Amino acid sequence: MKSFFAKRLFDGFTLHSNVRFEVNKTQVTAFYSDSEDESNAEVIHELVIPAMVDVQVNGGGGVQFNETPTLSTLQQMAKAYLNVGTGSLMPTIITDDIDVMNKGADAIALGHKWDPGAIPGVHFEGPHLSIAKKGMHSSKHIRSLSDKELALFTRDDLGKVIVTLAPEAVLPSDIEALTNAGVIVSIGHTNATSEDCFTAFNAGATGATHLFNAMSPFTSREPGMVGASLYRDDVYCGLIVDHHHVHPVSATLAIKLKGDKRLMLVTDAMAPAASDVDHFVYQGTKVMRKNNTLRLEDGTLAGSLLTMEQAIQHTHFDLNIDLQATLRMATSTPAAFIKSEANIGTLRTGAVANFVTLDESLKVTRCWRNGELAQ
């Protein structure tokens with residue numbers, strides 16, 4: 001049993017003062033706010049928060065999951081991201097052939113077994129997308145939903161499963177079947193009308209993948225995917241706050257409209273994130289670091305270099321979003337999206353003891369995984 005006394009603590013929902021909490025092995029077993037008992041406890045003066053949750057991360061620490069879909073890749077990503085405050089990743093398998101996707105799923109199964117807090121599941125971004133809004137996704141791998149993908153998405157050894165798809169690429173009954181099987185369906189890379197998006201949400205989709213990016217825009221006469229996502233109070237929206245994917249004014253408006261219970265910070269990060277790697281090759285195409293972005297040779301944005309640490313800094317300091325709201329969008333809200341807030345993204349009794357400390361600049365200073373201080 002270990003005891004900690006935090007002078008300031010954010011539990012995933014609320015900021016507290018003078019919190020004593022107990023950790024037994026890998027789990028928080030007791031939590032006392034407004035405590036005066038510092039006896040036999042490690043006293044922490046910096047802000048304590050749950051380790052952050054990133055539901056869209058393609059690579060990092062110098063490795064790209066699609067390119068090397070192995071357990072060691074997941075472990076390398078998990079280690080690199082913990083150092084910058086992210087304790088739970090939904091490794092993202094980008095549109096690819098079915099063999100690569102199956103290999104990725106096999107690695108996820110091993111990663112989830114290795115540490116379900118670090119690898120709570122998987123995010124399949126594609127392959128059932130709109131060619132018109134494909135972004136960096138390979139058009140040769142974009143395809144219709146088949147029994148092979150259905151079998152993959154509904155495996156019972158992957159933990160939580162997110163599937164990003166375009167409403168125009170599937171039937172509403174497909175979305176209903178996936179959600180009935182426990183899959184979390186998110187809409188993205190779509191040129192659909194708002195009505196088509198509403199139909200998808202009514203069929204069970206609950207997410208919008210990287211709001212504003214690779215989706216039909218909001219206009220005066222057609223709200224598009226952007227408008228439909230912002231309009232629906234029950235839809236979670238991922239937002240890349242790196243000041244390159246989304247203009248700060250657009251990001252701020254989205255946060256004000258959705259609120260911190262439905263807007264979640266994501267990175268969409270690639271191999272060079274949380275590393276000094278300056279380029280990598282994805283599906284035979286060179287992706288280069290340029291002006292703090294990642295781009296294909298034609299200038300197309302290709303994921304990001306963002307970390308969740310940077311995302312909360314940009315959101316709080318640059319967008320002037322309240323600290324509690326900012327932290328919630330990086331912890332309990334993404335955890336709630338994948339129906340895991342009892343275990344990750346929170347620091348309450350019963351949760352996994354993954355937490356980090358932040359200094360006044362919101363820079364991560366120390367990290368604990370499963371109750372142990374990470375080196």
# chains A, B, ... in the order shown; residues from 1 in each chain; ligands from 1

call {"tool": "residues_around", "arguments": {"residues": "A:Gly350", "least_positions_apart": "6", "cutoff": "10 Å", "atoms": "only C-alpha atoms", "output": "PyMOL selection string"}}
result
chain A and resi 23+26-31+342-344

call {"tool": "residues_around", "arguments": {"residues": "A:Thr199", "least_positions_apart": "6", "cutoff": "10 Å", "atoms": "only C-alpha atoms", "output": "ChimeraX atom specification"}}
result
/A:167,171-172,175,193,205

call {"tool": "closest_atom_pairs", "arguments": {"of": "stretch 218-302 of chain A", "to": "stretch 63-75 of chain A", "cutoff": "10 Å", "atoms": "only C-alpha atoms", "output": "CSV"}}
result
residue,atom,partner,partner_atom,distance
A:Ala269,CA,A:Gln64,CA,9.4
A:Met270,CA,A:Gln64,CA,6.4
A:Ala271,CA,A:Val63,CA,4.6
A:Pro272,CA,A:Val63,CA,7.3
A:Ala273,CA,A:Val63,CA,9.1
A:Ser275,CA,A:Val63,CA,9.3
A:Val277,CA,A:Val63,CA,9.2
A:Phe280,CA,A:Gln64,CA,8.3
A:Val281,CA,A:Glu67,CA,8.3
A:Tyr282,CA,A:Glu67,CA,6.8
A:Gln283,CA,A:Glu67,CA,7.5
A:Gly284,CA,A:Glu67,CA,9.8

call {"tool": "write_last_selection", "arguments": {"atoms": "C-alpha atoms", "output": "PDB file, in the first residue's frame"}}
result
ATOM      1  CA  ALA A 269      -0.046  11.875 -33.955  1.00  0.00           C
ATOM      2  CA  MET A 270       2.409  10.067 -36.196  1.00  0.00           C
ATOM      3  CA  ALA A 271       5.789   8.403 -35.672  1.00  0.00           C
ATOM      4  CA  PRO A 272       7.857  11.586 -35.184  1.00  0.00           C
ATOM      5  CA  ALA A 273       5.695  12.822 -32.289  1.00  0.00           C
ATOM      6  CA  SER A 275      10.689  12.018 -30.685  1.00  0.00           C
ATOM      7  CA  VAL A 277      12.583  11.849 -35.928  1.00  0.00           C
ATOM      8  CA  PHE A 280       9.129   8.532 -41.987  1.00  0.00           C
ATOM      9  CA  VAL A 281       7.719   6.429 -44.805  1.00  0.00           C
ATOM     10  CA  TYR A 282       4.058   5.446 -44.749  1.00  0.00           C
ATOM     11  CA  GLN A 283       2.720   2.996 -47.355  1.00  0.00           C
ATOM     12  CA  GLY A 284       5.654   3.892 -49.584  1.00  0.00           C
TER      13      GLY A 284
END

call {"tool": "atom_distance", "arguments": {"atom1": "atom CA of A:Asn24", "atom2": "atom CA of A:Asp156"}}
result
28.7 Å

call {"tool": "select_by_dssp", "arguments": {"residues": "stretch 139-310 of chain A", "states": "strand (DSSP E or B)", "output": "MDAnalysis selection string"}}
result
chainID A and resid 160:165 184:187 190 207:208 215 236:239 263:265 269 279:282 285:290 293:295 301 304

call {"tool": "residues_around", "arguments": {"residues": "A:Val84", "least_positions_apart": "4", "cutoff": "12 Å", "atoms": "only C-alpha atoms", "output": "PyMOL selection string"}}
result
chain A and resi 51-54+60-61+77-80+88+273-275+306-313+355-358+362-368+374

call {"tool": "atom_distance", "arguments": {"atom1": "atom CA of A:Asp260", "atom2": "atom CA of A:Met329"}}
result
5.5 Å

call {"tool": "residues_around", "arguments": {"residues": "A:Thr346", "least_positions_apart": "5", "cutoff": "9 Å", "atoms": "only C-alpha atoms", "output": "PDB file with N, CA and C atoms, in the first residue's frame"}}
result
ATOM      1  N   PHE A  10      -6.597  17.179  -9.672  1.00  0.00           N
ATOM      2  CA  PHE A  10      -7.741  17.131 -10.579  1.00  0.00           C
ATOM      3  C   PHE A  10      -8.079  15.670 -10.777  1.00  0.00           C
ATOM      4  N   ASP A  11      -9.306  15.273 -10.444  1.00  0.00           N
ATOM      5  CA  ASP A  11      -9.659  13.849 -10.459  1.00  0.00           C
ATOM      6  C   ASP A  11     -10.258  13.370 -11.779  1.00  0.00           C
ATOM      7  N   GLY A  12     -10.248  14.231 -12.786  1.00  0.00           N
ATOM      8  CA  GLY A  12     -10.870  13.921 -14.070  1.00  0.00           C
ATOM      9  C   GLY A  12     -12.131  14.728 -14.292  1.00  0.00           C
ATOM     10  N   PHE A  13     -12.656  15.274 -13.188  1.00  0.00           N
ATOM     11  CA  PHE A  13     -13.892  16.051 -13.250  1.00  0.00           C
ATOM     12  C   PHE A  13     -13.761  17.405 -12.557  1.00  0.00           C
ATOM     13  N   ILE A  49      -2.841  15.057 -11.865  1.00  0.00           N
ATOM     14  CA  ILE A  49      -3.992  14.768 -12.724  1.00  0.00           C
ATOM     15  C   ILE A  49      -3.935  13.306 -13.157  1.00  0.00           C
ATOM     16  N   PRO A  50      -5.068  12.729 -13.565  1.00  0.00           N
ATOM     17  CA  PRO A  50      -5.006  11.385 -14.153  1.00  0.00           C
ATOM     18  C   PRO A  50      -4.143  11.420 -15.410  1.00  0.00           C
ATOM     19  N   ALA A  51      -3.444  10.353 -15.692  1.00  0.00           N
ATOM     20  CA  ALA A  51      -2.736  10.280 -16.971  1.00  0.00           C
ATOM     21  C   ALA A  51      -3.751  10.481 -18.093  1.00  0.00           C
ATOM     22  N   MET A  52      -3.355  11.224 -19.110  1.00  0.00           N
ATOM     23  CA  MET A  52      -4.289  11.614 -20.163  1.00  0.00           C
ATOM     24  C   MET A  52      -4.623  10.446 -21.095  1.00  0.00           C
ATOM     25  N   THR A 331      -8.923  13.936 -20.272  1.00  0.00           N
ATOM     26  CA  THR A 331      -8.924  12.804 -19.335  1.00  0.00           C
ATOM     27  C   THR A 331     -10.267  12.073 -19.324  1.00  0.00           C
ATOM     28  N   SER A 332     -11.202  12.550 -18.518  1.00  0.00           N
ATOM     29  CA  SER A 332     -12.437  11.780 -18.331  1.00  0.00           C
ATOM     30  C   SER A 332     -13.355  11.797 -19.545  1.00  0.00           C
ATOM     31  N   ALA A 335     -12.182   9.222 -22.003  1.00  0.00           N
ATOM     32  CA  ALA A 335     -12.421   7.934 -21.345  1.00  0.00           C
ATOM     33  C   ALA A 335     -13.899   7.571 -21.396  1.00  0.00           C
ATOM     34  N   GLU A 341     -14.419   5.352 -18.195  1.00  0.00           N
ATOM     35  CA  GLU A 341     -14.055   6.367 -17.213  1.00  0.00           C
ATOM     36  C   GLU A 341     -13.955   5.835 -15.788  1.00  0.00           C
ATOM     37  N   ALA A 351     -10.108   3.317  -9.840  1.00  0.00           N
ATOM     38  CA  ALA A 351      -9.421   3.594 -11.103  1.00  0.00           C
ATOM     39  C   ALA A 351      -8.005   3.027 -11.090  1.00  0.00           C
ATOM     40  N   VAL A 352      -7.471   2.799 -12.277  1.00  0.00           N
ATOM     41  CA  VAL A 352      -6.071   2.411 -12.410  1.00  0.00           C
ATOM     42  C   VAL A 352      -5.203   3.576 -11.931  1.00  0.00           C
ATOM     43  N   ASN A 354      -2.799   5.443 -12.678  1.00  0.00           N
ATOM     44  CA  ASN A 354      -1.976   6.121 -13.681  1.00  0.00           C
ATOM     45  C   ASN A 354      -2.180   7.620 -13.505  1.00  0.00           C
ATOM     46  N   PHE A 355      -1.148   8.325 -13.092  1.00  0.00           N
ATOM     47  CA  PHE A 355      -1.296   9.759 -12.873  1.00  0.00           C
ATOM     48  C   PHE A 355       0.026  10.463 -13.119  1.00  0.00           C
TER      49      PHE A 355
END

call {"tool": "residues_around", "arguments": {"residues": "A:Phe201", "least_positions_apart": "6", "cutoff": "10 Å", "atoms": "only C-alpha atoms", "output": "number ranges by chain"}}
result
A: 167, 172, 175-176, 185-187, 195, 207-208, 228-229, 232, 234-235

call {"tool": "write_last_selection", "arguments": {"atoms": "N, CA and C atoms", "output": "PDB file, in the first residue's frame"}}
result
ATOM      1  N   PRO A 167     -20.632   8.012 -43.488  1.00  0.00           N
ATOM      2  CA  PRO A 167     -22.012   7.531 -43.637  1.00  0.00           C
ATOM      3  C   PRO A 167     -22.354   7.105 -45.056  1.00  0.00           C
ATOM      4  N   PRO A 172     -27.086   2.563 -42.862  1.00  0.00           N
ATOM      5  CA  PRO A 172     -27.423   2.765 -41.453  1.00  0.00           C
ATOM      6  C   PRO A 172     -27.516   1.449 -40.685  1.00  0.00           C
ATOM      7  N   ILE A 175     -24.134   0.452 -39.360  1.00  0.00           N
ATOM      8  CA  ILE A 175     -23.780   1.172 -38.136  1.00  0.00           C
ATOM      9  C   ILE A 175     -24.516   0.576 -36.948  1.00  0.00           C
ATOM     10  N   GLU A 176     -25.785   0.280 -37.139  1.00  0.00           N
ATOM     11  CA  GLU A 176     -26.575  -0.318 -36.062  1.00  0.00           C
ATOM     12  C   GLU A 176     -26.010  -1.674 -35.657  1.00  0.00           C
ATOM     13  N   VAL A 185     -18.818   3.675 -32.934  1.00  0.00           N
ATOM     14  CA  VAL A 185     -18.738   4.185 -34.303  1.00  0.00           C
ATOM     15  C   VAL A 185     -18.580   5.698 -34.277  1.00  0.00           C
ATOM     16  N   SER A 186     -17.568   6.172 -34.996  1.00  0.00           N
ATOM     17  CA  SER A 186     -17.312   7.601 -35.137  1.00  0.00           C
ATOM     18  C   SER A 186     -17.364   7.951 -36.618  1.00  0.00           C
ATOM     19  N   ILE A 187     -17.881   9.133 -36.916  1.00  0.00           N
ATOM     20  CA  ILE A 187     -18.027   9.560 -38.302  1.00  0.00           C
ATOM     21  C   ILE A 187     -16.852  10.462 -38.672  1.00  0.00           C
ATOM     22  N   GLU A 195     -28.054  15.720 -43.051  1.00  0.00           N
ATOM     23  CA  GLU A 195     -29.124  14.732 -42.859  1.00  0.00           C
ATOM     24  C   GLU A 195     -28.560  13.318 -42.839  1.00  0.00           C
ATOM     25  N   GLY A 207     -19.567   9.478 -32.292  1.00  0.00           N
ATOM     26  CA  GLY A 207     -18.379  10.317 -32.352  1.00  0.00           C
ATOM     27  C   GLY A 207     -18.203  11.012 -33.683  1.00  0.00           C
ATOM     28  N   ALA A 208     -17.395  12.080 -33.645  1.00  0.00           N
ATOM     29  CA  ALA A 208     -16.957  12.789 -34.847  1.00  0.00           C
ATOM     30  C   ALA A 208     -15.438  12.835 -34.804  1.00  0.00           C
ATOM     31  N   ALA A 228     -23.645  19.152 -38.154  1.00  0.00           N
ATOM     32  CA  ALA A 228     -24.375  18.047 -37.526  1.00  0.00           C
ATOM     33  C   ALA A 228     -23.713  17.615 -36.226  1.00  0.00           C
ATOM     34  N   SER A 229     -22.388  17.572 -36.215  1.00  0.00           N
ATOM     35  CA  SER A 229     -21.655  17.141 -35.021  1.00  0.00           C
ATOM     36  C   SER A 229     -21.798  18.147 -33.887  1.00  0.00           C
ATOM     37  N   ARG A 232     -25.637  18.121 -32.399  1.00  0.00           N
ATOM     38  CA  ARG A 232     -26.095  17.004 -31.569  1.00  0.00           C
ATOM     39  C   ARG A 232     -25.395  17.014 -30.210  1.00  0.00           C
ATOM     40  N   ASP A 234     -25.436  14.768 -27.988  1.00  0.00           N
ATOM     41  CA  ASP A 234     -24.990  13.444 -27.544  1.00  0.00           C
ATOM     42  C   ASP A 234     -23.745  12.957 -28.275  1.00  0.00           C
ATOM     43  N   VAL A 235     -23.202  13.747 -29.171  1.00  0.00           N
ATOM     44  CA  VAL A 235     -22.062  13.320 -29.984  1.00  0.00           C
ATOM     45  C   VAL A 235     -20.758  13.862 -29.406  1.00  0.00           C
TER      46      VAL A 235
END

call {"tool": "atom_distance", "arguments": {"atom1": "atom CA of A:Ala132", "atom2": "atom CA of A:Asn213"}}
result
12.4 Å

call {"tool": "residues_around", "arguments": {"residues": "A:Lys148", "least_positions_apart": "5", "cutoff": "10 Å", "atoms": "only C-alpha atoms", "output": "PyMOL selection string"}}
result
chain A and resi 98+102+153

call {"tool": "write_last_selection", "arguments": {"atoms": "C-alpha atoms", "output": "PDB file, in the first residue's frame"}}
result
ATOM      1  CA  ILE A  98      -6.943  -6.483 -44.530  1.00  0.00           C
ATOM      2  CA  ASN A 102      -5.401  -8.115 -38.946  1.00  0.00           C
ATOM      3  CA  PHE A 153     -14.085  -5.034 -35.824  1.00  0.00           C
TER       4      PHE A 153
END

call {"tool": "select_by_dssp", "arguments": {"residues": "stretch 68-278 of chain A", "states": "alpha helix (DSSP H)", "output": "ChimeraX atom specification"}}
result
/A:71-82,98-114,147-153,172-180,194-202,224-231,248-258
